[in-house]
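As stored in coords_3.csv (CSV, C-alpha atoms):
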chain,number,residue,atom,x,y,z
W,188,LEU,CA,-153.5,189.1,85.6
W,189,SER,CA,-150.3,188.1,87.4
W,190,ASP,CA,-148.1,190.3,85.3
W,191,MET,CA,-149.9,193.6,86.1
W,192,ARG,CA,-147.4,196.4,86.6
W,193,MET,CA,-147.5,198.2,89.9
W,194,ASN,CA,-145.9,201.6,90.1
W,195,SER,CA,-145.8,203.1,93.6
W,196,VAL,CA,-144.8,206.5,92.3
W,197,SER,CA,-147.6,207.0,89.8
W,198,LEU,CA,-150.9,205.2,89.6
W,199,ALA,CA,-151.1,205.8,85.9
W,200,THR,CA,-148.8,204.2,83.3
W,201,PRO,CA,-148.7,206.3,80.1
W,202,ALA,CA,-150.7,204.5,77.4
W,203,PRO,CA,-149.0,203.8,74.1
W,204,PRO,CA,-150.9,204.6,70.9
W,205,PRO,CA,-153.8,202.2,70.1
W,206,PRO,CA,-153.1,199.2,67.9
W,207,SER,CA,-154.3,199.0,64.4
W,208,PRO,CA,-157.6,197.1,64.2
W,209,SER,CA,-157.2,193.3,63.6
W,210,ARG,CA,-159.7,191.0,61.9
W,211,SER,CA,-159.2,187.9,64.1
W,212,PRO,CA,-160.3,187.7,67.7
W,213,SER,CA,-156.9,186.4,68.8
W,214,GLY,CA,-155.2,189.1,66.9
W,215,PHE,CA,-157.3,191.6,68.8
W,216,TRP,CA,-156.3,190.1,72.1
W,217,LEU,CA,-152.6,189.9,71.2
W,218,ALA,CA,-152.6,193.6,70.0
W,219,HIS,CA,-154.4,194.6,73.2
W,220,ARG,CA,-151.9,192.7,75.5
W,221,SER,CA,-148.9,194.1,73.6
W,222,ASN,CA,-150.0,197.7,73.5
W,223,ALA,CA,-152.0,198.1,76.7
W,224,PRO,CA,-154.3,200.9,75.4
W,225,PHE,CA,-155.8,201.9,78.8
W,226,ALA,CA,-154.0,204.3,81.2
W,227,PHE,CA,-154.3,202.0,84.2
W,228,ASP,CA,-153.0,198.4,84.3
W,229,PHE,CA,-156.1,197.1,86.0
W,230,GLN,CA,-158.2,198.4,83.1
W,231,ASN,CA,-156.1,196.4,80.7
W,232,ALA,CA,-156.3,193.3,82.9
W,233,LEU,CA,-160.1,193.7,83.2
W,234,GLU,CA,-160.4,194.1,79.4
W,235,SER,CA,-158.4,190.9,78.9
W,236,TRP,CA,-160.5,189.0,81.4
W,237,LEU,CA,-163.8,190.1,79.8
W,238,HIS,CA,-162.4,189.4,76.3
W,239,GLY,CA,-161.5,185.9,77.4
W,240,ALA,CA,-164.9,185.4,79.0
W,241,THR,CA,-166.7,186.7,75.8
W,242,THR,CA,-164.7,184.3,73.6
W,243,VAL,CA,-165.5,181.3,75.8
W,244,LEU,CA,-169.2,182.4,75.9
W,245,LEU,CA,-169.3,182.6,72.1
W,246,VAL,CA,-167.7,179.1,71.7
W,247,LEU,CA,-170.4,177.7,74.1
W,248,THR,CA,-173.1,179.6,72.2
W,249,CYS,CA,-171.9,177.9,68.9
W,250,ILE,CA,-172.0,174.5,70.6
W,251,TYR,CA,-175.4,175.2,72.0
W,252,THR,CA,-176.7,176.3,68.6
W,253,ALA,CA,-175.3,173.1,67.0
W,254,LEU,CA,-176.9,171.0,69.7
W,255,TRP,CA,-180.2,172.8,69.2
W,256,ASP,CA,-180.2,172.2,65.5
W,257,HIS,CA,-179.3,168.5,66.1
W,258,LEU,CA,-181.9,168.2,68.9
W,259,LEU,CA,-184.8,169.1,66.6
W,260,GLY,CA,-184.9,165.5,65.4
W,261,VAL,CA,-183.5,163.8,68.5
W,262,SER,CA,-184.9,164.1,72.1
W,263,ASP,CA,-182.1,162.4,74.1
W,264,LEU,CA,-179.6,165.3,74.0
W,265,GLY,CA,-181.5,167.2,76.6
W,266,VAL,CA,-178.9,166.6,79.4
W,267,THR,CA,-176.1,167.7,77.1
W,268,ARG,CA,-178.0,170.8,76.2
W,269,THR,CA,-178.6,171.5,79.9
W,270,VAL,CA,-174.9,171.1,80.7
W,271,VAL,CA,-174.0,173.6,78.0
W,272,GLU,CA,-176.6,176.0,79.3
W,273,LEU,CA,-175.2,175.7,82.8
W,274,LEU,CA,-171.7,176.3,81.5
W,275,MET,CA,-172.8,179.4,79.6
W,276,ALA,CA,-174.5,180.8,82.7
W,277,ALA,CA,-171.4,180.0,84.8
W,278,VAL,CA,-169.1,181.8,82.3
W,279,PHE,CA,-171.5,184.8,82.2
W,280,PHE,CA,-171.8,185.2,85.9
W,281,GLY,CA,-168.2,184.3,86.4
W,282,SER,CA,-167.1,187.1,84.1
W,283,LEU,CA,-169.2,189.5,86.1
W,284,VAL,CA,-167.9,188.3,89.5
W,285,GLY,CA,-164.3,188.1,88.3
W,286,GLY,CA,-164.5,191.7,86.9
W,287,ALA,CA,-166.0,192.9,90.2
W,288,LEU,CA,-163.4,191.2,92.2
W,289,LEU,CA,-160.6,192.6,90.0
W,290,SER,CA,-162.1,196.1,90.4
W,291,LEU,CA,-162.4,195.7,94.2
W,292,ARG,CA,-158.8,194.5,94.4
W,293,GLU,CA,-157.6,197.5,92.5
W,294,LEU,CA,-159.7,199.8,94.7
W,295,HIS,CA,-158.1,198.3,97.8
W,296,ARG,CA,-154.6,198.7,96.3
W,297,THR,CA,-155.3,202.3,95.3
W,298,ARG,CA,-156.5,203.1,98.8
W,299,ARG,CA,-153.4,201.5,100.3
W,300,VAL,CA,-151.1,203.5,98.0
W,301,LEU,CA,-152.9,206.8,98.6
W,302,GLY,CA,-153.0,206.1,102.3
W,303,ALA,CA,-149.2,206.0,102.3
W,304,VAL,CA,-148.9,209.4,100.6
W,305,ASP,CA,-148.1,212.4,102.8
W,306,LEU,CA,-150.6,214.9,101.4
W,307,SER,CA,-149.0,217.8,103.3
W,308,ALA,CA,-145.7,217.1,101.5
W,309,VAL,CA,-147.5,216.9,98.1
W,310,LEU,CA,-149.2,220.2,98.8
W,311,THR,CA,-146.1,221.9,100.0
W,312,ALA,CA,-144.2,220.7,96.9
W,313,ALA,CA,-146.9,221.9,94.6
W,314,ASP,CA,-147.2,225.2,96.4
W,315,SER,CA,-143.5,225.8,96.2
W,316,LYS,CA,-143.5,225.2,92.4
W,317,ILE,CA,-146.5,227.4,91.8
W,318,ASP,CA,-145.3,230.2,94.1
W,319,GLY,CA,-141.8,230.2,92.9
W,320,THR,CA,-142.8,230.6,89.3
W,321,LEU,CA,-145.5,233.1,90.1
W,322,ARG,CA,-143.1,235.3,92.1
W,323,GLU,CA,-140.6,235.3,89.2
W,324,ARG,CA,-143.4,236.2,86.7
W,325,LEU,CA,-144.7,239.0,88.9
W,326,LEU,CA,-141.1,240.4,89.3
W,327,ASP,CA,-140.4,240.4,85.5
W,328,GLY,CA,-143.8,241.9,84.7
W,329,THR,CA,-145.2,238.9,82.7
W,330,VAL,CA,-148.0,238.5,85.2
W,331,ARG,CA,-149.8,241.5,86.8
W,332,LEU,CA,-152.1,241.4,89.7
W,333,VAL,CA,-155.2,243.5,88.8
W,334,CYS,CA,-157.8,245.0,91.1
W,335,CYS,CA,-161.4,244.7,89.7
W,336,GLU,CA,-162.1,248.4,90.6
W,337,TRP,CA,-159.1,249.4,88.5
W,338,LEU,CA,-160.4,247.4,85.5
W,339,ARG,CA,-163.5,249.6,85.5
W,340,SER,CA,-161.5,252.9,85.7
W,341,PRO,CA,-160.5,255.1,82.8
W,342,ALA,CA,-156.8,254.4,83.7
W,343,ALA,CA,-157.4,250.8,82.8
W,344,ASP,CA,-158.9,251.7,79.5
W,345,ALA,CA,-155.9,253.9,78.8
W,346,SER,CA,-153.4,251.3,79.9
W,347,LEU,CA,-155.1,248.2,78.3
W,348,GLY,CA,-156.8,249.8,75.4
W,349,ARG,CA,-160.3,249.2,74.1
W,350,ASP,CA,-161.5,246.4,71.9
W,351,ALA,CA,-163.1,247.8,68.8
W,352,LEU,CA,-165.6,245.0,68.6
W,353,THR,CA,-166.8,244.8,72.2
W,354,GLY,CA,-166.1,248.4,73.4
Go ahead and render the structure in this file as structure tokens.
Amino acid sequence: LSDMRMNSVSLATPAPPPPSPSRSPSGFWLAHRSNAPFAFDFQNALESWLHGATTVLLVLTCIYTALWDHLLGVSDLGVTRTVVELLMAAVFFGSLVGGALLSLRELHRTRRVLGAVDLSAVLTAADSKIDGTLRERLLDGTVRLVCCEWLRSPAADASLGRDALTG
């Protein structure tokens, strides 16, 4: 989680192509960490967090199952079984709380970054790009402004032609 990339210019980091599927759980995690398939860094961190929690939970489940099979003939392993159950519950709820905290941290960071953005400057820049290109296209005739009344007129039919299929 500590090596999350933070880009103040863009909130999204372009995602590389997804990794080829791997058969081992550690291979999946290594491929995920090296390729970062999600667009946002916090999504990749959250996926790693949940993958780790799931792996720990599966290991504890295997231990619990082994204890349960052994417990059928022995009754003094009840405390050990209870400890494993508590650990499983702690990992489960910890993964939920950890994921929620990571998401809230990212929400706070995104609000802080967006709060520092001057929206009027962004709109002015976008407007100048759109208007500049549009003016050029209007002047060279690539784009034409059309009045709806003119589209219904015979002059429009003569100028634009008629589609044989739709009339």
Got a sec: who's within 12 Å of Tyr251 (chain W), counting only C-alpha atoms, leaving out chain neighbours fewer than 2 positions off, as a VMD selection string? chain W and resid 244 to 249 253 to 258 264 to 275
With all atoms listed in the file as the atoms that count, which of W:Leu289, W:Cys334, W:Ala276, W:Val284 lies nearest to Phe229 (chain W)?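 The shortest atom-to-atom distance to Phe229 (chain W) comes from W:Leu289.
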Could you work out how far CA of Asp318 (chain W) lies from CA of Trp337 (chain W), giving the answer in Å with one decimal? 24.3 Å
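Taking CA of Thr241 (chain W) as the reference point, CA of Gly214 (chain W) is found at 14.7 Å.
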